[in-house]
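Below is one structure, written out as structure tokens; comments come after it.
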Amino acid sequence: MKFSKIKTILVGEPVFRLKQLKKLVFQDLIYNWDQATVLNLELRKKLAKEIPLEIPYKLVESKDKNTLKAVVFLTDRLSCEAVLMRHKGRNTVCISSQVGCALNCAFCATGKAGFKRNLTSDEIIDQVLLFTRLLKKENKKLNNVVFMGMGEPFLNYQAVLEAIKTINDPFGLAIGSRHISVSTCGIIEGIKKFSLEPLQVNLAISLHAPTDKQRTQLMPVNKKYPLKDVLNIATDYVNKTKRKLMFEYTLIKGINDRPEDALNLAKIMDQKLFFVNLIVYNPTGAFESSTKESIETFRKILEQNGVQATLRYHFGSDINAACGQLAPKYYS
């Protein structure tokens with residue numbers, strides 16, 4: 001869908017038409033302009049030609065029915081992936097901002113696939129719209145949107161920002177800003193810009209190691225954005241936005257899950273400003289997942305040292321839909 005073209009299509013139309021079309025697409029959730037019977041036939045034909053509403057995709061569901069992955073087919077034979085996660089009555093969609101990723105984190109399948117291109121704001125919105133339509137068929141609603149899929153959001157800043165505005169727009173998908181989260185590996189320029197946006201969107205920073213040596217081994221981007229600089233900008237962000245910030249930490253067996261790693265992490269976490277979201281490593285062929293015992297020990301050490309820590313619920317690893325497992329593909 002190319003809804004960003006809508007204003008050029010509506011030249012000469014009444015002013016109210018834009019809000020009317022937003023309601024039809026994002027709230028009534030029509031999937032074909034023929035359903036828009038409030039519009040005249042000529043305009044419907046024009047819209048069908050210039051802004052088709054069909055979103056080509058393929059679905060894969062996990063065995064426990066809690067995870068639904070959509071492979072969304074793009075116009076250039078590439079694809080991106082988005083994931084719907086059902087948990088405790090809430091529906092959260094994890095969306096991608098790029099096709100692939102250039103950052104090459106050692107534990108991530110997306111990075112191994114390499115970077116193909118940025119997604120447009122329309123392509124980002126399509127992922128949310130797709131699942132919103134599917135949930136409507138079940139008389140359910142989408143509750144949360146997280147930019148934690150393929151790619152680094154702050155390396156596609158403008159498209160991500162435009163998508164967030166449509167997702168949050170009361171006349172758009174109407175997802176509250178506090179139900180939208182963006183995850184970055186620590187792109188300092190992006191965090192600075194984001195702190196100045198008039199949004200109440202949540203921010204998460206992927207940390208994954210408590211020392212520069214460990215983090216550089218797992219995340220080459222640490223060479224450009226070392227821990228000290230990431231932590232400093234994180235503090236500035238919280239002070240400007242007055243919102244607590246989440247650090248994501250993937251636990252990998254024998255690499256970053258030892259008691260001394262937990263103690264080192266506790267030392268660099270500001271207890272008042274930050275909290276830690278622990279993630280179980282999802283197999284991508286490079287490492288092993290931490291044991292339940294080491295995960296619980298790690299969490300307890302953080303809490304004993306005053307650091308708030310939660311363990312992310314495990315979703316979709318059996319369909320390669322879990323954190324770090326998404327990867328782009330070519331389609332003929």
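Chains: A, B, ... in order of the structure tokens. Residues: from 1 per chain. Ligands: from 1, in order shown.
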
Enumerate as a VMD selection string all residues of region 10-82 of chain A assigned to alpha helix (DSSP H) by DSSP on the backbone, naming them with the chain letters and numbers the document uses.
-> chain A and resid 17 to 22 41 to 50

Written selection (all heavy atoms) as a short mmCIF file (atom, residue, chain, number, x, y, z; two decimals), in the first residue's frame:
data_model
loop_
_atom_site.label_atom_id
_atom_site.label_comp_id
_atom_site.auth_asym_id
_atom_site.auth_seq_id
_atom_site.Cartn_x
_atom_site.Cartn_y
_atom_site.Cartn_z
N ARG A 17 -11.94 14.85 3.07
CA ARG A 17 -11.75 13.56 2.43
C ARG A 17 -10.57 12.77 3.03
O ARG A 17 -10.63 11.54 3.15
CB ARG A 17 -11.52 13.74 0.93
CG ARG A 17 -11.62 12.45 0.13
CD ARG A 17 -13.05 11.95 0.06
NE ARG A 17 -13.83 12.68 -0.93
CZ ARG A 17 -15.14 12.66 -1.00
NH1 ARG A 17 -15.84 11.95 -0.11
NH2 ARG A 17 -15.78 13.35 -1.92
N LEU A 18 -9.51 13.48 3.43
CA LEU A 18 -8.33 12.80 3.97
C LEU A 18 -8.70 12.02 5.23
O LEU A 18 -8.36 10.84 5.37
CB LEU A 18 -7.22 13.79 4.26
CG LEU A 18 -5.94 13.21 4.89
CD1 LEU A 18 -5.34 12.14 3.99
CD2 LEU A 18 -4.92 14.30 5.18
N LYS A 19 -9.39 12.68 6.17
CA LYS A 19 -9.79 11.99 7.40
C LYS A 19 -10.74 10.84 7.09
O LYS A 19 -10.69 9.78 7.73
CB LYS A 19 -10.44 12.97 8.37
CG LYS A 19 -9.48 13.93 9.04
CD LYS A 19 -10.18 14.82 10.04
CE LYS A 19 -9.19 15.78 10.70
NZ LYS A 19 -9.88 16.68 11.68
N GLN A 20 -11.58 11.04 6.09
CA GLN A 20 -12.53 10.00 5.70
C GLN A 20 -11.80 8.75 5.19
O GLN A 20 -12.12 7.62 5.57
CB GLN A 20 -13.47 10.54 4.62
CG GLN A 20 -14.57 9.57 4.21
CD GLN A 20 -15.42 10.15 3.08
OE1 GLN A 20 -14.89 10.76 2.15
NE2 GLN A 20 -16.72 9.97 3.19
N LEU A 21 -10.77 8.97 4.37
CA LEU A 21 -10.02 7.85 3.83
C LEU A 21 -9.16 7.17 4.90
O LEU A 21 -9.00 5.94 4.90
CB LEU A 21 -9.15 8.30 2.66
CG LEU A 21 -9.90 8.81 1.43
CD1 LEU A 21 -8.93 9.06 0.28
CD2 LEU A 21 -10.96 7.83 0.98
N LYS A 22 -8.59 7.96 5.80
CA LYS A 22 -7.83 7.38 6.91
C LYS A 22 -8.73 6.45 7.73
O LYS A 22 -8.33 5.35 8.12
CB LYS A 22 -7.27 8.47 7.82
CG LYS A 22 -6.02 9.15 7.30
CD LYS A 22 -5.50 10.13 8.35
CE LYS A 22 -4.20 10.78 7.92
NZ LYS A 22 -3.68 11.70 8.97
N LEU A 41 -17.80 6.35 -7.53
CA LEU A 41 -17.15 5.28 -8.29
C LEU A 41 -15.85 5.73 -8.95
O LEU A 41 -14.86 5.00 -8.97
CB LEU A 41 -18.11 4.74 -9.36
CG LEU A 41 -17.61 3.56 -10.20
CD1 LEU A 41 -17.23 2.38 -9.32
CD2 LEU A 41 -18.66 3.17 -11.23
N GLU A 42 -15.84 6.96 -9.47
CA GLU A 42 -14.65 7.47 -10.15
C GLU A 42 -13.46 7.56 -9.18
O GLU A 42 -12.35 7.16 -9.52
CB GLU A 42 -14.94 8.85 -10.74
CG GLU A 42 -13.77 9.43 -11.53
CD GLU A 42 -14.07 10.81 -12.11
OE1 GLU A 42 -15.24 11.24 -12.06
OE2 GLU A 42 -13.13 11.46 -12.60
N LEU A 43 -13.70 8.05 -7.97
CA LEU A 43 -12.62 8.16 -6.99
C LEU A 43 -12.16 6.77 -6.54
O LEU A 43 -10.96 6.53 -6.37
CB LEU A 43 -13.08 8.97 -5.77
CG LEU A 43 -12.04 9.17 -4.65
CD1 LEU A 43 -10.76 9.79 -5.19
CD2 LEU A 43 -12.61 10.02 -3.52
N ARG A 44 -13.09 5.85 -6.39
CA ARG A 44 -12.73 4.49 -6.01
C ARG A 44 -11.81 3.84 -7.05
O ARG A 44 -10.84 3.17 -6.72
CB ARG A 44 -13.99 3.63 -5.82
CG ARG A 44 -14.58 3.75 -4.41
CD ARG A 44 -15.76 2.81 -4.26
NE ARG A 44 -16.98 3.40 -4.77
CZ ARG A 44 -18.06 2.73 -5.13
NH1 ARG A 44 -18.05 1.41 -5.10
NH2 ARG A 44 -19.15 3.36 -5.55
N LYS A 45 -12.13 4.06 -8.31
CA LYS A 45 -11.30 3.50 -9.38
C LYS A 45 -9.91 4.12 -9.37
O LYS A 45 -8.90 3.43 -9.56
CB LYS A 45 -11.97 3.74 -10.73
CG LYS A 45 -13.18 2.86 -11.00
CD LYS A 45 -13.75 3.14 -12.39
CE LYS A 45 -14.93 2.22 -12.70
NZ LYS A 45 -15.48 2.50 -14.05
N LYS A 46 -9.85 5.43 -9.14
CA LYS A 46 -8.56 6.13 -9.08
C LYS A 46 -7.72 5.61 -7.92
O LYS A 46 -6.51 5.35 -8.06
CB LYS A 46 -8.80 7.63 -8.95
CG LYS A 46 -7.55 8.48 -9.03
CD LYS A 46 -7.92 9.96 -8.97
CE LYS A 46 -6.68 10.83 -9.11
NZ LYS A 46 -7.02 12.29 -9.03
N LEU A 47 -8.35 5.44 -6.77
CA LEU A 47 -7.64 4.95 -5.59
C LEU A 47 -7.18 3.50 -5.79
O LEU A 47 -6.07 3.14 -5.40
CB LEU A 47 -8.55 5.04 -4.36
CG LEU A 47 -8.80 6.46 -3.84
CD1 LEU A 47 -9.98 6.47 -2.87
CD2 LEU A 47 -7.55 7.02 -3.17
N ALA A 48 -8.02 2.69 -6.42
CA ALA A 48 -7.66 1.29 -6.66
C ALA A 48 -6.43 1.19 -7.56
O ALA A 48 -5.59 0.29 -7.39
CB ALA A 48 -8.83 0.55 -7.28
N LYS A 49 -6.31 2.11 -8.50
CA LYS A 49 -5.17 2.11 -9.41
C LYS A 49 -3.91 2.65 -8.75
O LYS A 49 -2.82 2.07 -8.90
CB LYS A 49 -5.51 2.94 -10.65
CG LYS A 49 -4.37 2.99 -11.67
CD LYS A 49 -4.75 3.85 -12.88
CE LYS A 49 -3.60 3.92 -13.88
NZ LYS A 49 -3.94 4.77 -15.05
N GLU A 50 -4.05 3.76 -8.03
CA GLU A 50 -2.88 4.45 -7.47
C GLU A 50 -2.46 3.93 -6.09
O GLU A 50 -1.28 3.92 -5.76
CB GLU A 50 -3.17 5.95 -7.37
CG GLU A 50 -3.48 6.62 -8.70
CD GLU A 50 -2.28 6.66 -9.62
OE1 GLU A 50 -1.13 6.62 -9.11
OE2 GLU A 50 -2.47 6.74 -10.85
#

Which neighbours of region 302-318 of chain A fall inside 8 Å, counting only C-alpha atoms, when residues of the same chain fewer than 2 positions from it are skipped, and could you give them as number ranges by chain?
-> A: 62-63, 66-68, 85, 262-263, 265-266, 269-271, 274-280, 282-283, 298-300, 320-322, 325

Suppose you want the space between CA of Lys88 (chain A) and CA of Leu135 (chain A); what is it in Å?
-> 15.4 Å

Give me the residues within 6 Å of region 119-122 of chain A as a PyMOL selection string, counting only C-alpha atoms and dropping any in the same chain fewer than 6 places off.
-> chain A and resi 2+97-98+159+163

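In this model, the gap between CA of Leu142 (chain A) and CA of Arg117 (chain A) comes to 27.3 Å.
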
Spatial neighbours of Ala286 (chain A), 9 Å, only C-alpha atoms, chain gap at least 5 places, as a count of residues only = 3

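With distances restricted to only C-alpha atoms, A:Val99 is the closest residue to Pro153 (chain A) from A:Cys105, A:Leu245, A:Ala174, A:Val99.
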
Using only C-alpha atoms, which residues sit within 10 Å of Lys240 (chain A) once same-chain residues fewer than 3 positions away are excluded, as JSON, numbers by chain?
-> {"A": [192, 195, 196, 234, 235, 236, 237, 243]}

Mind writing the picked residues with N, CA, C and O atoms as a CSV table (one decimal), in the first residue's frame?
chain,number,residue,atom,x,y,z
A,192,LYS,N,19.6,10.9,20.3
A,192,LYS,CA,19.5,12.4,20.5
A,192,LYS,C,18.3,13.0,19.8
A,192,LYS,O,17.6,13.8,20.4
A,195,SER,N,15.0,11.9,21.4
A,195,SER,CA,14.7,12.6,22.7
A,195,SER,C,14.0,13.9,22.5
A,195,SER,O,13.4,14.4,23.5
A,196,LEU,N,14.2,14.5,21.3
A,196,LEU,CA,13.6,15.8,21.1
A,196,LEU,C,12.2,15.8,20.4
A,196,LEU,O,11.6,16.8,20.2
A,234,ALA,N,22.0,7.6,27.1
A,234,ALA,CA,20.8,7.0,27.8
A,234,ALA,C,20.4,7.8,29.0
A,234,ALA,O,19.2,8.1,29.2
A,235,THR,N,21.3,8.2,29.7
A,235,THR,CA,21.0,9.1,30.9
A,235,THR,C,20.4,10.4,30.4
A,235,THR,O,19.4,10.9,31.0
A,236,ASP,N,21.0,11.0,29.4
A,236,ASP,CA,20.5,12.3,28.8
A,236,ASP,C,19.1,12.1,28.3
A,236,ASP,O,18.2,13.0,28.5
A,237,TYR,N,18.8,11.0,27.7
A,237,TYR,CA,17.5,10.7,27.2
A,237,TYR,C,16.4,10.7,28.3
A,237,TYR,O,15.4,11.3,28.2
A,243,ARG,N,11.2,9.5,31.1
A,243,ARG,CA,10.7,8.2,31.0
A,243,ARG,C,11.9,7.2,31.2
A,243,ARG,O,13.0,7.3,30.7

Spatial neighbours of region 177-189 of chain A, max dist 10 Å, only C-alpha atoms, sep filter under 2 positions, as an mmCIF file with C-alpha atoms, in the first residue's frame:
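The result, written out as selection03.cif:
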data_model
loop_
_atom_site.group_PDB
_atom_site.id
_atom_site.type_symbol
_atom_site.label_atom_id
_atom_site.label_comp_id
_atom_site.auth_asym_id
_atom_site.auth_seq_id
_atom_site.Cartn_x
_atom_site.Cartn_y
_atom_site.Cartn_z
ATOM 1 C CA THR A 92 1.703 -7.323 20.303
ATOM 2 C CA VAL A 93 3.184 -7.024 16.829
ATOM 3 C CA CYS A 94 6.943 -6.932 16.330
ATOM 4 C CA ILE A 95 7.783 -5.140 13.082
ATOM 5 C CA LEU A 103 25.276 -4.296 11.997
ATOM 6 C CA CYS A 105 25.595 -8.857 15.577
ATOM 7 C CA LEU A 142 -3.875 -4.901 18.489
ATOM 8 C CA ASN A 143 -2.534 -3.585 21.810
ATOM 9 C CA ASN A 144 1.183 -2.935 21.278
ATOM 10 C CA VAL A 145 3.662 -2.265 18.478
ATOM 11 C CA VAL A 146 7.400 -2.859 18.918
ATOM 12 C CA PHE A 147 10.136 -1.957 16.429
ATOM 13 C CA MET A 148 12.231 -4.988 17.338
ATOM 14 C CA GLY A 149 12.160 -6.954 14.087
ATOM 15 C CA GLY A 151 16.958 -3.852 10.998
ATOM 16 C CA GLU A 152 18.145 -0.890 13.066
ATOM 17 C CA PRO A 153 15.291 1.673 13.317
ATOM 18 C CA PHE A 154 17.580 4.670 13.823
ATOM 19 C CA LEU A 155 19.425 3.920 10.590
ATOM 20 C CA VAL A 160 10.330 4.998 11.170
ATOM 21 C CA ILE A 164 5.085 5.926 14.219
ATOM 22 C CA LYS A 165 2.996 9.030 13.567
ATOM 23 C CA ILE A 167 0.424 4.176 13.989
ATOM 24 C CA ASN A 168 -0.222 6.689 16.789
ATOM 25 C CA ASP A 169 -2.569 9.019 14.841
ATOM 26 C CA ALA A 174 -4.738 4.860 16.940
ATOM 27 C CA ILE A 175 -2.199 2.891 19.007
ATOM 28 C CA ILE A 191 18.757 8.649 20.359
ATOM 29 C CA LYS A 192 19.547 12.381 20.538
ATOM 30 C CA LYS A 193 17.012 13.189 17.807
ATOM 31 C CA PHE A 194 14.422 10.883 19.321
ATOM 32 C CA LEU A 199 6.331 11.665 21.516
ATOM 33 C CA GLN A 200 5.854 9.470 24.566
ATOM 34 C CA VAL A 201 7.121 6.374 22.769
ATOM 35 C CA ASN A 202 9.164 3.830 24.750
ATOM 36 C CA LEU A 203 12.852 3.378 23.963
ATOM 37 C CA ALA A 204 14.947 0.241 24.431
ATOM 38 C CA ILE A 205 18.685 -0.116 23.909
ATOM 39 C CA SER A 206 20.268 -3.458 23.033
ATOM 40 C CA LEU A 207 23.230 -3.894 25.369
ATOM 41 C CA HIS A 208 23.939 -7.652 25.592
ATOM 42 C CA MET A 219 28.131 -6.345 18.494
ATOM 43 C CA VAL A 221 28.792 -1.480 16.374
ATOM 44 C CA ASN A 222 30.306 -1.066 19.854
ATOM 45 C CA LYS A 224 31.724 3.203 17.016
ATOM 46 C CA TYR A 225 29.371 3.540 19.983
ATOM 47 C CA PRO A 226 31.174 2.199 23.090
ATOM 48 C CA LEU A 227 29.401 1.512 26.361
ATOM 49 C CA ASP A 229 28.901 6.850 25.257
ATOM 50 C CA VAL A 230 25.749 4.703 25.078
ATOM 51 C CA LEU A 231 25.186 4.959 28.822
ATOM 52 C CA ASN A 232 25.771 8.723 28.783
ATOM 53 C CA ILE A 233 23.239 9.316 25.993
ATOM 54 C CA ALA A 234 20.803 6.978 27.755
ATOM 55 C CA MET A 246 14.950 -0.351 29.077
ATOM 56 C CA PHE A 247 18.188 -2.153 28.293
ATOM 57 C CA GLU A 248 17.851 -5.468 26.463
#

Pairwise distance, CA of Pro56 (chain A) with CA of Asn104 (chain A), equals 28.3 Å

Enumerate, as a PyMOL selection string, the complete set of residues in region 101-311 of chain A that a backbone-based DSSP assignment places in strand (DSSP E).
-> chain A and resi 115-118+144-147+180-184+202-206+245-251+274-280+309-311

Generate a file of the selected residues that holds N, CA, C and O atoms, formatted as a compact mmCIF listing (two decimals), in the first residue's frame.
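Contents of selection.txt, freshly written:
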# COMPACT_ATOMS: atom_id res chain seq x y z
N PHE A 115 22.59 -6.46 4.82
CA PHE A 115 21.63 -5.38 4.61
C PHE A 115 21.23 -5.31 3.14
O PHE A 115 22.08 -5.32 2.25
N LYS A 116 19.93 -5.24 2.90
CA LYS A 116 19.42 -5.12 1.53
C LYS A 116 18.97 -3.69 1.23
O LYS A 116 19.43 -3.06 0.30
N ARG A 117 18.06 -3.17 2.06
CA ARG A 117 17.61 -1.78 1.90
C ARG A 117 16.73 -1.37 3.08
O ARG A 117 16.28 -2.22 3.87
N ASN A 118 16.47 -0.06 3.16
CA ASN A 118 15.52 0.45 4.13
C ASN A 118 14.09 0.18 3.66
O ASN A 118 13.82 0.13 2.45
N ASN A 144 -0.16 -3.50 21.22
CA ASN A 144 1.18 -2.93 21.28
C ASN A 144 1.92 -3.14 19.96
O ASN A 144 1.70 -4.13 19.27
N VAL A 145 2.79 -2.17 19.65
CA VAL A 145 3.66 -2.26 18.48
C VAL A 145 5.10 -2.06 18.93
O VAL A 145 5.41 -1.09 19.62
N VAL A 146 5.99 -2.99 18.55
CA VAL A 146 7.40 -2.86 18.92
C VAL A 146 8.27 -2.92 17.66
O VAL A 146 8.10 -3.81 16.83
N PHE A 147 9.17 -1.97 17.53
CA PHE A 147 10.14 -1.96 16.43
C PHE A 147 11.35 -2.77 16.88
O PHE A 147 12.39 -2.24 17.23
N ILE A 180 3.83 1.87 22.10
CA ILE A 180 4.75 1.76 20.97
C ILE A 180 6.18 1.80 21.52
O ILE A 180 6.51 2.68 22.32
N SER A 181 7.02 0.86 21.11
CA SER A 181 8.40 0.80 21.58
C SER A 181 9.37 0.69 20.41
O SER A 181 9.09 -0.01 19.44
N VAL A 182 10.49 1.38 20.53
CA VAL A 182 11.53 1.34 19.51
C VAL A 182 12.80 0.81 20.16
O VAL A 182 13.22 1.26 21.23
N SER A 183 13.44 -0.15 19.50
CA SER A 183 14.67 -0.74 20.01
C SER A 183 15.84 -0.36 19.10
O SER A 183 15.78 -0.53 17.89
N THR A 184 16.91 0.13 19.70
CA THR A 184 18.12 0.50 18.96
C THR A 184 19.34 -0.17 19.58
O THR A 184 19.34 -0.49 20.78
N ASN A 202 8.14 4.50 23.94
CA ASN A 202 9.16 3.83 24.75
C ASN A 202 10.43 3.59 23.93
O ASN A 202 10.36 3.30 22.74
N LEU A 203 11.57 3.65 24.61
CA LEU A 203 12.85 3.38 23.96
C LEU A 203 13.56 2.24 24.68
O LEU A 203 13.59 2.19 25.91
N ALA A 204 14.12 1.33 23.89
CA ALA A 204 14.95 0.24 24.43
C ALA A 204 16.30 0.27 23.73
O ALA A 204 16.39 0.57 22.54
N ILE A 205 17.34 -0.05 24.48
CA ILE A 205 18.68 -0.12 23.91
C ILE A 205 19.22 -1.52 24.08
O ILE A 205 19.23 -2.08 25.18
N SER A 206 19.68 -2.12 22.99
CA SER A 206 20.27 -3.46 23.03
C SER A 206 21.69 -3.36 23.57
O SER A 206 22.55 -2.74 22.95
N LEU A 245 14.16 4.00 30.97
CA LEU A 245 14.66 3.38 29.74
C LEU A 245 14.99 1.92 29.98
O LEU A 245 15.53 1.54 31.02
N MET A 246 14.68 1.08 28.98
CA MET A 246 14.95 -0.35 29.08
C MET A 246 16.22 -0.73 28.32
O MET A 246 16.43 -0.30 27.19
N PHE A 247 17.05 -1.54 28.96
CA PHE A 247 18.19 -2.15 28.29
C PHE A 247 17.87 -3.63 28.05
O PHE A 247 17.45 -4.35 28.96
N GLU A 248 18.08 -4.07 26.81
CA GLU A 248 17.85 -5.47 26.46
C GLU A 248 19.17 -6.24 26.57
O GLU A 248 20.22 -5.75 26.14
N TYR A 249 19.07 -7.44 27.13
CA TYR A 249 20.27 -8.23 27.38
C TYR A 249 19.98 -9.69 27.05
O TYR A 249 19.24 -10.38 27.76
N THR A 250 20.54 -10.17 25.94
CA THR A 250 20.36 -11.56 25.53
C THR A 250 21.39 -12.44 26.23
O THR A 250 22.60 -12.19 26.15
N LEU A 251 20.91 -13.45 26.93
CA LEU A 251 21.78 -14.33 27.72
C LEU A 251 22.27 -15.50 26.86
O LEU A 251 21.47 -16.29 26.35
N PHE A 274 17.15 3.20 34.80
CA PHE A 274 17.15 2.09 33.85
C PHE A 274 16.54 0.83 34.45
O PHE A 274 16.52 0.65 35.67
N PHE A 275 16.05 -0.05 33.58
CA PHE A 275 15.75 -1.42 33.98
C PHE A 275 16.20 -2.36 32.87
O PHE A 275 16.44 -1.93 31.74
N VAL A 276 16.32 -3.63 33.19
CA VAL A 276 16.90 -4.61 32.27
C VAL A 276 15.84 -5.64 31.87
O VAL A 276 15.14 -6.18 32.73
N ASN A 277 15.75 -5.89 30.57
CA ASN A 277 14.90 -6.94 30.05
C ASN A 277 15.79 -8.09 29.58
O ASN A 277 16.53 -7.95 28.61
N LEU A 278 15.76 -9.19 30.29
CA LEU A 278 16.59 -10.35 29.96
C LEU A 278 15.90 -11.18 28.87
O LEU A 278 14.70 -11.44 28.94
N ILE A 279 16.68 -11.59 27.89
CA ILE A 279 16.15 -12.34 26.75
C ILE A 279 16.91 -13.66 26.64
O ILE A 279 18.14 -13.69 26.67
N VAL A 280 16.17 -14.74 26.51
CA VAL A 280 16.82 -16.04 26.28
C VAL A 280 17.31 -16.08 24.83
O VAL A 280 16.56 -15.75 23.91
N ALA A 309 14.84 -6.15 36.96
CA ALA A 309 15.07 -7.04 35.82
C ALA A 309 13.84 -7.90 35.56
O ALA A 309 13.25 -8.44 36.49
N THR A 310 13.48 -8.01 34.30
CA THR A 310 12.37 -8.88 33.90
C THR A 310 12.90 -9.87 32.86
O THR A 310 13.89 -9.60 32.18
N LEU A 311 12.21 -10.99 32.72
CA LEU A 311 12.58 -12.00 31.73
C LEU A 311 11.53 -12.00 30.63
O LEU A 311 10.35 -12.18 30.90

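Distances here use only C-alpha atoms; by that measure, the residue among A:Lys112, A:Lys329, A:Gly324, A:Ser4 closest to Glu162 (chain A) is A:Ser4.
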
Shell of 8 Å around Pro328 (chain A), only C-alpha atoms, local chain residues under 5 positions omitted, as a PyMOL selection string = chain A and resi 78-81+99-100+110+113

Produce a file of the selected residues containing N, CA, C and O atoms, as a tab-separated table (two decimals), in the first residue's frame.
chain	number	residue	atom	x	y	z
A	78	LEU	N	11.96	-8.82	-2.69
A	78	LEU	CA	12.44	-9.01	-1.34
A	78	LEU	C	11.25	-9.24	-0.41
A	78	LEU	O	10.09	-9.09	-0.82
A	79	SER	N	11.55	-9.57	0.83
A	79	SER	CA	10.49	-9.72	1.82
A	79	SER	C	10.98	-9.17	3.15
A	79	SER	O	12.18	-9.05	3.40
A	80	CYS	N	10.03	-8.83	4.00
A	80	CYS	CA	10.34	-8.52	5.39
A	80	CYS	C	9.44	-9.39	6.26
A	80	CYS	O	8.47	-9.98	5.77
A	81	GLU	N	9.77	-9.50	7.53
A	81	GLU	CA	9.00	-10.35	8.42
A	81	GLU	C	8.51	-9.57	9.63
A	81	GLU	O	9.22	-8.71	10.15
A	99	VAL	N	15.14	-4.21	5.42
A	99	VAL	CA	15.28	-5.56	4.88
A	99	VAL	C	16.71	-5.99	5.19
A	99	VAL	O	17.66	-5.49	4.59
A	100	GLY	N	16.85	-6.88	6.18
A	100	GLY	CA	18.18	-7.24	6.66
A	100	GLY	C	18.72	-6.21	7.62
A	100	GLY	O	17.99	-5.34	8.12
A	110	THR	N	19.35	-11.99	11.34
A	110	THR	CA	19.11	-10.86	10.43
A	110	THR	C	20.43	-10.25	9.97
A	110	THR	O	20.62	-9.95	8.79
A	113	ALA	N	22.35	-12.19	7.40
A	113	ALA	CA	21.80	-12.10	6.04
A	113	ALA	C	22.29	-10.85	5.31
A	113	ALA	O	22.18	-10.76	4.09

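Using only C-alpha atoms, the nearest neighbour of Ile6 (chain A) within the list A:Val25, A:Gly176, A:Leu129, A:Lys253 is A:Val25.
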